[in-house]
file model-v8.cif (mmCIF, C-alpha atoms)
data_run
loop_
_atom_site.label_atom_id
_atom_site.label_comp_id
_atom_site.auth_asym_id
_atom_site.auth_seq_id
_atom_site.Cartn_x
_atom_site.Cartn_y
_atom_site.Cartn_z
CA MET A 1 -8.89 -8.72 21.00
CA ASN A 2 -10.57 -10.35 18.02
CA SER A 3 -12.36 -13.63 18.71
CA PRO A 4 -10.70 -16.61 16.93
CA ILE A 5 -14.18 -18.02 16.30
CA LEU A 6 -15.42 -14.83 14.64
CA MET A 7 -12.26 -14.61 12.57
CA LEU A 8 -12.39 -18.23 11.39
CA PRO A 9 -13.96 -17.41 7.99
CA ALA A 10 -11.18 -14.92 7.32
CA LEU A 11 -8.62 -17.56 8.28
CA LEU A 12 -10.12 -20.07 5.88
CA ILE A 13 -10.13 -17.50 3.08
CA ALA A 14 -6.51 -16.65 3.80
CA ILE A 15 -5.48 -20.29 3.72
CA ALA A 16 -7.35 -20.79 0.46
CA THR A 17 -5.39 -17.93 -1.11
CA ALA A 18 -2.05 -18.79 0.49
CA PRO A 19 1.07 -17.42 -1.25
CA THR A 20 2.05 -20.87 -2.51
CA THR A 21 -0.39 -20.23 -5.39
CA TRP A 22 1.63 -17.22 -6.55
CA ALA A 23 4.91 -17.16 -8.40
CA THR A 24 7.50 -14.60 -7.45
CA GLU A 25 6.82 -11.45 -9.47
CA ARG A 26 10.24 -11.65 -11.11
CA GLU A 27 9.40 -15.14 -12.40
CA ILE A 28 6.23 -14.01 -14.20
CA ASN A 29 6.79 -13.45 -17.91
CA ASP A 30 3.31 -12.30 -18.91
CA PRO A 31 3.16 -8.53 -18.30
CA VAL A 32 -0.54 -8.56 -17.36
CA LYS A 33 -0.01 -11.37 -14.84
CA LYS A 34 3.01 -9.53 -13.52
CA GLY A 35 0.88 -6.41 -13.23
CA GLU A 36 -1.70 -8.38 -11.26
CA TYR A 37 0.98 -9.48 -8.82
CA ILE A 38 2.13 -5.87 -8.36
CA PHE A 39 -1.50 -4.81 -8.00
CA ASN A 40 -1.82 -7.26 -5.11
CA MET A 41 1.51 -6.13 -3.69
CA GLY A 42 0.07 -2.65 -3.38
CA GLY A 43 -3.26 -3.88 -2.01
CA CYS A 44 -4.99 -1.58 -4.49
CA ALA A 45 -8.37 -3.30 -4.13
CA SER A 46 -8.59 -2.34 -0.46
CA CYS A 47 -8.80 1.38 -1.11
CA HIS A 48 -10.29 1.58 -4.58
CA THR A 49 -13.28 -0.71 -4.04
CA ALA A 50 -16.15 0.70 -1.99
CA THR A 51 -18.71 -1.96 -2.98
CA ASP A 52 -18.14 -5.47 -4.28
CA ASP A 53 -20.38 -4.90 -7.30
CA GLN A 54 -18.13 -2.07 -8.52
CA PRO A 55 -14.54 -3.26 -8.15
CA LEU A 56 -11.92 -0.52 -8.44
CA ALA A 57 -14.56 2.15 -9.10
CA GLY A 58 -13.48 4.11 -6.03
CA GLY A 59 -15.73 6.06 -3.71
CA LEU A 60 -14.31 4.69 -0.46
CA PRO A 61 -14.27 7.43 2.22
CA MET A 62 -11.01 7.93 4.10
CA GLU A 63 -11.34 10.01 7.24
CA THR A 64 -8.28 12.03 8.23
CA PRO A 65 -7.54 15.02 10.49
CA PHE A 66 -7.74 17.18 7.37
CA GLY A 67 -11.16 15.99 6.23
CA VAL A 68 -12.60 13.12 4.23
CA PHE A 69 -10.93 11.90 1.06
CA TYR A 70 -12.76 9.71 -1.45
CA THR A 71 -10.73 7.23 -3.47
CA PRO A 72 -10.92 7.57 -7.26
CA ASN A 73 -12.14 5.27 -10.00
CA ILE A 74 -9.13 3.37 -11.43
CA THR A 75 -11.06 1.14 -13.82
CA SER A 76 -10.42 1.30 -17.56
CA ASP A 77 -13.45 3.51 -18.19
CA GLU A 78 -12.24 6.40 -20.34
CA SER A 79 -14.64 9.04 -19.03
CA THR A 80 -14.60 8.51 -15.27
CA GLY A 81 -11.67 6.12 -14.77
CA ILE A 82 -8.11 6.03 -16.07
CA GLY A 83 -8.75 4.25 -19.36
CA ALA A 84 -7.77 7.31 -21.40
CA TRP A 85 -4.47 7.78 -19.60
CA SER A 86 -1.21 7.29 -21.46
CA ASN A 87 1.71 5.41 -19.96
CA ALA A 88 3.32 8.77 -19.24
CA ASP A 89 0.16 9.98 -17.47
CA PHE A 90 0.15 6.90 -15.26
CA ILE A 91 3.83 7.09 -14.35
CA ARG A 92 3.53 10.81 -13.63
CA ALA A 93 0.61 10.19 -11.28
CA MET A 94 2.36 7.34 -9.47
CA THR A 95 5.79 8.91 -9.12
CA LYS A 96 5.11 12.66 -9.09
CA GLY A 97 1.62 12.84 -7.61
CA GLU A 98 0.30 14.79 -10.57
CA ALA A 99 -2.89 14.26 -12.58
CA PRO A 100 -2.86 14.35 -16.40
CA ASP A 101 -4.10 17.96 -16.24
CA GLY A 102 -1.13 18.93 -14.06
CA SER A 103 -3.03 19.31 -10.78
CA HIS A 104 -1.54 17.84 -7.62
CA TYR A 105 -2.86 14.79 -5.86
CA TYR A 106 -3.21 14.77 -2.11
CA PRO A 107 -0.92 12.33 -0.26
CA ALA A 108 -3.90 10.25 0.83
CA PHE A 109 -2.91 8.64 -2.47
CA PRO A 110 0.49 7.18 -1.46
CA TYR A 111 2.53 8.37 -4.42
CA THR A 112 5.10 9.29 -1.79
CA SER A 113 5.87 5.56 -1.71
CA TYR A 114 4.98 4.62 -5.28
CA SER A 115 7.65 7.04 -6.47
CA LYS A 116 10.14 4.34 -5.45
CA MET A 117 8.70 1.82 -7.91
CA SER A 118 10.52 0.85 -11.08
CA ARG A 119 9.20 1.95 -14.46
CA GLN A 120 8.93 -1.69 -15.50
CA ASP A 121 6.68 -2.51 -12.54
CA LEU A 122 4.54 0.57 -13.12
CA LEU A 123 3.99 -0.27 -16.79
CA ALA A 124 3.06 -3.84 -15.90
CA LEU A 125 0.58 -2.55 -13.34
CA LYS A 126 -0.99 -0.27 -15.93
CA GLN A 127 -1.32 -3.14 -18.39
CA PHE A 128 -3.24 -5.10 -15.76
CA LEU A 129 -5.51 -2.17 -14.91
CA ASP A 130 -6.19 -1.57 -18.60
CA LYS A 131 -7.61 -5.10 -18.81
CA GLN A 132 -10.07 -4.61 -15.95
CA THR A 133 -13.78 -4.07 -16.55
CA PRO A 134 -14.59 -0.41 -17.18
CA ILE A 135 -17.14 1.00 -14.75
CA VAL A 136 -18.78 4.39 -15.18
CA SER A 137 -18.58 6.01 -11.76
CA LYS A 138 -17.79 9.69 -11.34
CA ASN A 139 -15.26 10.51 -8.66
CA LYS A 140 -16.58 12.12 -5.49
CA SER A 141 -15.23 15.47 -4.37
CA HIS A 142 -13.15 15.46 -1.20
CA GLU A 143 -14.62 17.09 1.90
CA LEU A 144 -11.69 19.07 3.27
CA ALA A 145 -11.47 21.97 5.68
CA PHE A 146 -9.79 25.26 4.78
CA PRO A 147 -6.94 25.67 3.85
CA PHE A 148 -6.46 22.01 2.92
CA ASN A 149 -9.08 22.32 0.21
CA ILE A 150 -6.76 24.65 -1.73
CA ARG A 151 -5.09 22.09 -3.95
CA PRO A 152 -2.32 24.35 -5.38
CA LEU A 153 -0.86 24.51 -1.86
CA MET A 154 0.29 20.94 -2.45
CA THR A 155 3.21 22.44 -4.36
CA LEU A 156 4.58 23.78 -1.07
CA TRP A 157 3.69 20.56 0.77
CA LYS A 158 5.75 18.55 -1.68
CA LEU A 159 8.77 20.80 -1.23
CA VAL A 160 8.80 19.90 2.46
CA ASN A 161 7.47 16.35 2.56
CA PHE A 162 8.05 14.61 -0.77
CA ASP A 163 11.23 12.90 -1.96
CA ASP A 164 10.60 11.54 -5.45
CA ALA A 165 13.98 9.83 -5.79
CA PRO A 166 13.59 6.23 -7.04
CA PHE A 167 14.58 3.24 -4.94
CA GLN A 168 18.30 2.64 -4.77
CA ALA A 169 19.62 -0.79 -3.86
CA ASN A 170 22.09 -1.05 -0.98
CA LYS A 171 25.15 -2.84 -2.37
CA ASP A 172 26.21 -3.86 1.13
CA LYS A 173 23.01 -5.86 1.67
CA SER A 174 21.74 -9.13 0.23
CA GLN A 175 19.47 -9.43 -2.78
CA ALA A 176 16.65 -10.57 -0.50
CA TRP A 177 17.15 -7.58 1.83
CA ASN A 178 16.96 -5.19 -1.10
CA ARG A 179 13.88 -6.94 -2.45
CA GLY A 180 12.23 -6.56 0.95
CA ALA A 181 13.25 -2.91 1.18
CA TYR A 182 11.80 -2.24 -2.27
CA ILE A 183 8.46 -3.87 -1.43
CA VAL A 184 8.11 -2.25 2.00
CA ASN A 185 9.08 1.26 0.91
CA GLY A 186 7.68 1.14 -2.62
CA PRO A 187 4.61 -0.77 -3.83
CA GLY A 188 3.78 -2.15 -0.39
CA HIS A 189 3.83 1.42 1.05
CA CYS A 190 4.01 0.01 4.60
CA GLY A 191 5.42 3.24 5.98
CA GLU A 192 2.28 5.15 5.04
CA CYS A 193 0.41 3.56 7.95
CA HIS A 194 3.21 2.34 10.20
CA SER A 195 5.04 5.68 10.52
CA PRO A 196 4.17 8.83 12.51
CA ARG A 197 3.24 12.01 10.63
CA ASN A 198 3.99 15.65 11.19
CA LEU A 199 1.44 18.46 11.54
CA LEU A 200 1.15 18.75 7.77
CA GLY A 201 0.51 15.05 7.29
CA GLY A 202 3.96 14.21 5.98
CA ILE A 203 5.76 11.07 7.13
CA LYS A 204 8.41 11.69 9.77
CA THR A 205 11.36 10.12 8.01
CA ASP A 206 13.32 9.79 11.24
CA GLY A 207 10.49 7.63 12.61
CA LEU A 208 9.95 5.41 9.58
CA LEU A 209 8.07 2.22 10.50
CA THR A 210 8.19 3.03 14.22
CA GLY A 211 4.40 3.04 14.50
CA ASN A 212 1.63 5.62 14.41
CA PRO A 213 -0.73 6.12 17.36
CA GLU A 214 -3.01 8.19 15.10
CA GLY A 215 -3.27 5.98 12.05
CA PRO A 216 -6.09 5.51 9.51
CA GLU A 217 -9.57 6.09 10.93
CA GLY A 218 -7.98 6.93 14.29
CA GLU A 219 -6.52 3.44 14.57
CA SER A 220 -3.29 2.97 16.51
CA VAL A 221 -0.83 1.28 14.16
CA PRO A 222 2.08 -0.66 15.73
CA GLY A 223 5.72 -0.26 14.84
CA LEU A 224 7.56 -2.76 12.67
CA THR A 225 11.10 -2.03 13.83
CA MET A 226 13.03 -4.38 16.06
CA THR A 227 13.07 -2.20 19.17
CA LYS A 228 11.96 -4.03 22.30
CA ASP A 229 8.85 -1.84 22.55
CA ASN A 230 7.43 -3.38 19.37
CA ARG A 231 5.95 -6.82 19.88
CA VAL A 232 7.06 -8.03 16.44
CA SER A 233 10.64 -7.88 17.72
CA GLN A 234 9.75 -10.76 20.05
CA TRP A 235 8.38 -12.94 17.26
CA SER A 236 10.37 -15.54 15.37
CA ASP A 237 10.72 -15.40 11.59
CA GLU A 238 8.12 -18.15 11.38
CA ASP A 239 5.74 -16.13 13.56
CA LEU A 240 6.15 -13.10 11.34
CA LEU A 241 5.67 -15.11 8.18
CA PHE A 242 2.51 -16.75 9.48
CA SER A 243 1.09 -13.43 10.66
CA ILE A 244 1.45 -11.70 7.29
CA GLN A 245 0.34 -14.78 5.37
CA ILE A 246 -2.94 -15.45 7.15
CA GLY A 247 -3.19 -12.89 9.93
CA MET A 248 -2.70 -15.10 12.99
CA THR A 249 -0.39 -13.94 15.76
CA PRO A 250 1.77 -16.29 17.87
CA ASP A 251 -0.74 -16.13 20.75
CA GLY A 252 -3.63 -17.25 18.54
CA ASP A 253 -5.14 -13.80 18.08
CA PHE A 254 -5.86 -12.33 14.65
CA LEU A 255 -4.71 -9.09 13.09
CA GLY A 256 -7.80 -6.98 12.50
CA GLY A 257 -8.62 -3.44 11.46
CA SER A 258 -6.92 -2.14 8.35
CA MET A 259 -4.28 -4.86 8.62
CA GLY A 260 -6.98 -7.43 7.95
CA HIS A 261 -7.51 -5.82 4.53
CA VAL A 262 -3.77 -5.77 3.92
CA ILE A 263 -3.52 -9.51 4.50
CA GLU A 264 -6.61 -10.29 2.43
CA ASN A 265 -5.69 -8.12 -0.56
CA SER A 266 -1.91 -7.88 -0.36
CA THR A 267 0.51 -9.87 1.77
CA GLY A 268 -1.69 -12.98 1.74
CA ARG A 269 -1.29 -13.03 -2.04
CA LEU A 270 2.48 -12.65 -2.22
CA SER A 271 4.98 -15.44 -2.71
CA GLU A 272 6.71 -16.89 0.31
CA THR A 273 10.01 -15.75 -1.19
CA ASP A 274 8.88 -12.13 -1.17
CA LEU A 275 7.40 -12.41 2.32
CA LYS A 276 10.70 -13.75 3.62
CA ALA A 277 12.49 -10.87 1.89
CA ILE A 278 10.21 -8.43 3.71
CA ILE A 279 11.02 -10.10 7.01
CA GLU A 280 14.77 -10.01 6.34
CA TYR A 281 14.54 -6.28 5.72
CA LEU A 282 12.40 -5.58 8.80
CA ARG A 283 14.76 -7.62 10.99
CA ASP A 284 17.50 -5.16 10.14
CA ILE A 285 15.61 -2.06 11.34
CA GLU A 286 16.30 -1.41 15.00
CA SER A 287 14.97 2.11 15.50
#

call {"tool": "encode", "arguments": {"input": "model-v8.cif", "output": "structure tokens"}}
result
Amino acid sequence: MNSPILMLPALLIAIATAPTTWATEREINDPVKKGEYIFNMGGCASCHTATDDQPLAGGLPMETPFGVFYTPNITSDESTGIGAWSNADFIRAMTKGEAPDGSHYYPAFPYTSYSKMSRQDLLALKQFLDKQTPIVSKNKSHELAFPFNIRPLMTLWKLVNFDDAPFQANKDKSQAWNRGAYIVNGPGHCGECHSPRNLLGGIKTDGLLTGNPEGPEGESVPGLTMTKDNRVSQWSDEDLLFSIQIGMTPDGDFLGGSMGHVIENSTGRLSETDLKAIIEYLRDIES
């Protein structure tokens, strides 16, 4: 359990950046500002910033059962970042998991979720990234065991584990429910951590959001469905809202580990309207 005293600075930071300072993404007319909101929705800073003095320059190690992945430079530098990418390059990477040269990305980059994002949101995100300070920082090579270091094998992996169909709204559900479903399964990529994976590292679609005992860095990640085994099913809507806004649970504890980064760089920066939409969607998932 995390000490409330030790977590107090994080609480104060979260309160200072409470969602009331953010407009709903759909209400933002400026494409760069909209892109910034989507950037925060995806929590991009958490994975693509290894040191504070080089924001978005990548280099963060991600330990997995298959080896260590290093996140790439996504600054606007044209030589080592993505500054030379076209809009088509960016959309292809985000929705197909393919680099501009046609090589396949590993699913440590969650294109398996980003493929659900709308073209409009993706273009806004790119406009925001294009405005960020370029930093020259060459990407580190992944440290993967055989045969996972054979990148062309990703073609076969995708045939089994990747559905690149875009998000489709459920006409039988409310607008808020669909908004929550889009955020959770698309830019928010919640299922990437909160779902179990098969032997090849693909998400078990029949266990979506049911939790993952072998999550990032060996961390046990709880389920978000409303089954009685998941503690979030016992929380009120207000409890859930407060927890994803500032990270405090109903019993006064704080959400730590990787979820702490999610709150700091993602959910703590979203509008209350979007957070309530997320909750409405999660409330409807029983298994």

call {"tool": "resolve_selection", "arguments": {"input": "model-v8.cif", "expression": "the PyMOL selection byres ((chain A and resi 235) around 12)", "output": "ChimeraX atom specification"}}
result
/A:224-228,230-234,236-243,249-251,279,282-283

call {"tool": "write_last_selection", "arguments": {"input": "model-v8.cif", "atoms": "C-alpha atoms", "output": "CSV table (one decimal), keeping the file's coordinate frame"}}
result
chain,number,residue,atom,x,y,z
A,224,LEU,CA,7.6,-2.8,12.7
A,225,THR,CA,11.1,-2.0,13.8
A,226,MET,CA,13.0,-4.4,16.1
A,227,THR,CA,13.1,-2.2,19.2
A,228,LYS,CA,12.0,-4.0,22.3
A,230,ASN,CA,7.4,-3.4,19.4
A,231,ARG,CA,6.0,-6.8,19.9
A,232,VAL,CA,7.1,-8.0,16.4
A,233,SER,CA,10.6,-7.9,17.7
A,234,GLN,CA,9.8,-10.8,20.0
A,236,SER,CA,10.4,-15.5,15.4
A,237,ASP,CA,10.7,-15.4,11.6
A,238,GLU,CA,8.1,-18.2,11.4
A,239,ASP,CA,5.7,-16.1,13.6
A,240,LEU,CA,6.2,-13.1,11.3
A,241,LEU,CA,5.7,-15.1,8.2
A,242,PHE,CA,2.5,-16.8,9.5
A,243,SER,CA,1.1,-13.4,10.7
A,249,THR,CA,-0.4,-13.9,15.8
A,250,PRO,CA,1.8,-16.3,17.9
A,251,ASP,CA,-0.7,-16.1,20.8
A,279,ILE,CA,11.0,-10.1,7.0
A,282,LEU,CA,12.4,-5.6,8.8
A,283,ARG,CA,14.8,-7.6,11.0

call {"tool": "residues_around", "arguments": {"input": "model-v8.cif", "residues": "A:Pro166", "least_positions_apart": "5", "cutoff": "12 Å", "atoms": "only C-alpha atoms", "output": "list of chain:residue names"}}
result
A:Met94, A:Thr95, A:Lys96, A:Tyr111, A:Thr112, A:Ser113, A:Tyr114, A:Ser115, A:Lys116, A:Met117, A:Ser118, A:Arg119, A:Tyr182, A:Asn185, A:Gly186, A:Pro187

call {"tool": "residues_near_point", "arguments": {"input": "model-v8.cif", "point": "(5.8, 13.0, 9.3)", "cutoff": "12 Å", "atoms": "only C-alpha atoms", "output": "ChimeraX atom specification"}}
result
/A:107,112,157,160-162,191-212,214-215

call {"tool": "closest_atom_pairs", "arguments": {"input": "model-v8.cif", "of": "stretch 155-237 of chain A", "to": "stretch 270-276 of chain A", "cutoff": "10 Å", "atoms": "all atoms listed in the file", "output": "CSV"}}
result
residue,atom,partner,partner_atom,distance
A:Ala176,CA,A:Lys276,CA,7.9
A:Trp177,CA,A:Lys276,CA,9.1
A:Arg179,CA,A:Asp274,CA,7.3
A:Gly180,CA,A:Asp274,CA,6.8
A:Ile183,CA,A:Asp274,CA,8.3
A:Asp237,CA,A:Lys276,CA,8.1

call {"tool": "atom_distance", "arguments": {"input": "model-v8.cif", "atom1": "atom CA of A:Lys158", "atom2": "atom CA of A:Gly35"}}
result
27.9 Å

call {"tool": "residues_around", "arguments": {"input": "model-v8.cif", "residues": "stretch 57-64 of chain A", "least_positions_apart": "2", "cutoff": "10 Å", "atoms": "only C-alpha atoms", "output": "ChimeraX atom specification"}}
result
/A:45-55,66-77,80-81,108,133-144,201,214-218

call {"tool": "residues_near_point", "arguments": {"input": "model-v8.cif", "point": "(3.5, 10.5, -18.5)", "cutoff": "12 Å", "atoms": "all atoms listed in the file", "output": "list in words"}}
result
Trp85, Ser86, Asn87, Ala88, Asp89, Phe90, Ile91, Arg92, Ala93, Met94, Thr95, Lys96, Gly97, Glu98, Ala99, Pro100, Asp101, Gly102, Arg119, Leu122, Leu123 and Lys126 of chain A

call {"tool": "closest_residue", "arguments": {"input": "model-v8.cif", "among": "A:Gln132, A:Pro65, A:Gln245, A:Asn170", "to": "A:Ala145", "atoms": "all atoms listed in the file"}}
result
A:Pro65

call {"tool": "atom_distance", "arguments": {"input": "model-v8.cif", "atom1": "atom CA of A:Ile244", "atom2": "atom CA of A:Thr267"}}
result
5.9 Å

call {"tool": "atom_distance", "arguments": {"input": "model-v8.cif", "atom1": "atom CA of A:Lys33", "atom2": "atom CA of A:Asp130"}}
result
12.2 Å

call {"tool": "resolve_selection", "arguments": {"input": "model-v8.cif", "expression": "the PyMOL selection byres ((chain A and resi 37) around 10)", "output": "list in words"}}
result
Trp22, Ala23, Thr24, Glu25, Arg26, Ile28, Pro31, Val32, Lys33, Lys34, Gly35, Glu36, Ile38, Phe39, Asn40, Met41, Gly42, Gly43, Asp121, Ala124, Leu125, Phe128, Ser266, Arg269, Leu270 and Ser271 of chain A

call {"tool": "closest_residue", "arguments": {"input": "model-v8.cif", "among": "A:Asn178, A:His104, A:Gly188, A:Pro110", "to": "A:Leu153", "atoms": "all atoms listed in the file"}}
result
A:His104

call {"tool": "build_atoms", "arguments": {"input": "model-v8.cif", "residues": "stretch 264-276 of chain A", "atoms": "N, CA and C atoms", "output": "PDB file, keeping the file's coordinate frame"}}
result
ATOM      1  N   GLU A 264      -5.669  -9.728   3.410  1.00  0.00           N
ATOM      2  CA  GLU A 264      -6.610 -10.290   2.430  1.00  0.00           C
ATOM      3  C   GLU A 264      -6.259  -9.893   1.005  1.00  0.00           C
ATOM      4  N   ASN A 265      -5.888  -8.636   0.797  1.00  0.00           N
ATOM      5  CA  ASN A 265      -5.690  -8.120  -0.560  1.00  0.00           C
ATOM      6  C   ASN A 265      -4.240  -7.927  -0.961  1.00  0.00           C
ATOM      7  N   SER A 266      -3.313  -8.147  -0.034  1.00  0.00           N
ATOM      8  CA  SER A 266      -1.910  -7.880  -0.360  1.00  0.00           C
ATOM      9  C   SER A 266      -0.979  -8.989   0.100  1.00  0.00           C
ATOM     10  N   THR A 267      -0.536  -8.943   1.341  1.00  0.00           N
ATOM     11  CA  THR A 267       0.510  -9.870   1.770  1.00  0.00           C
ATOM     12  C   THR A 267       0.091 -11.332   1.678  1.00  0.00           C
ATOM     13  N   GLY A 268      -1.203 -11.609   1.862  1.00  0.00           N
ATOM     14  CA  GLY A 268      -1.690 -12.980   1.740  1.00  0.00           C
ATOM     15  C   GLY A 268      -1.660 -13.498   0.319  1.00  0.00           C
ATOM     16  N   ARG A 269      -1.337 -12.643  -0.634  1.00  0.00           N
ATOM     17  CA  ARG A 269      -1.290 -13.030  -2.040  1.00  0.00           C
ATOM     18  C   ARG A 269       0.128 -13.001  -2.618  1.00  0.00           C
ATOM     19  N   LEU A 270       1.100 -12.709  -1.765  1.00  0.00           N
ATOM     20  CA  LEU A 270       2.480 -12.650  -2.220  1.00  0.00           C
ATOM     21  C   LEU A 270       3.166 -13.999  -2.054  1.00  0.00           C
ATOM     22  N   SER A 271       4.227 -14.189  -2.807  1.00  0.00           N
ATOM     23  CA  SER A 271       4.980 -15.440  -2.710  1.00  0.00           C
ATOM     24  C   SER A 271       5.701 -15.512  -1.370  1.00  0.00           C
ATOM     25  N   GLU A 272       5.985 -16.713  -0.944  1.00  0.00           N
ATOM     26  CA  GLU A 272       6.710 -16.890   0.310  1.00  0.00           C
ATOM     27  C   GLU A 272       8.103 -16.282   0.209  1.00  0.00           C
ATOM     28  N   THR A 273       8.689 -16.348  -0.980  1.00  0.00           N
ATOM     29  CA  THR A 273      10.010 -15.750  -1.190  1.00  0.00           C
ATOM     30  C   THR A 273       9.986 -14.260  -0.907  1.00  0.00           C
ATOM     31  N   ASP A 274       8.970 -13.577  -1.406  1.00  0.00           N
ATOM     32  CA  ASP A 274       8.880 -12.130  -1.170  1.00  0.00           C
ATOM     33  C   ASP A 274       8.552 -11.822   0.277  1.00  0.00           C
ATOM     34  N   LEU A 275       7.717 -12.638   0.907  1.00  0.00           N
ATOM     35  CA  LEU A 275       7.400 -12.410   2.320  1.00  0.00           C
ATOM     36  C   LEU A 275       8.639 -12.572   3.188  1.00  0.00           C
ATOM     37  N   LYS A 276       9.464 -13.557   2.863  1.00  0.00           N
ATOM     38  CA  LYS A 276      10.700 -13.750   3.620  1.00  0.00           C
ATOM     39  C   LYS A 276      11.671 -12.602   3.381  1.00  0.00           C
TER      40      LYS A 276
END
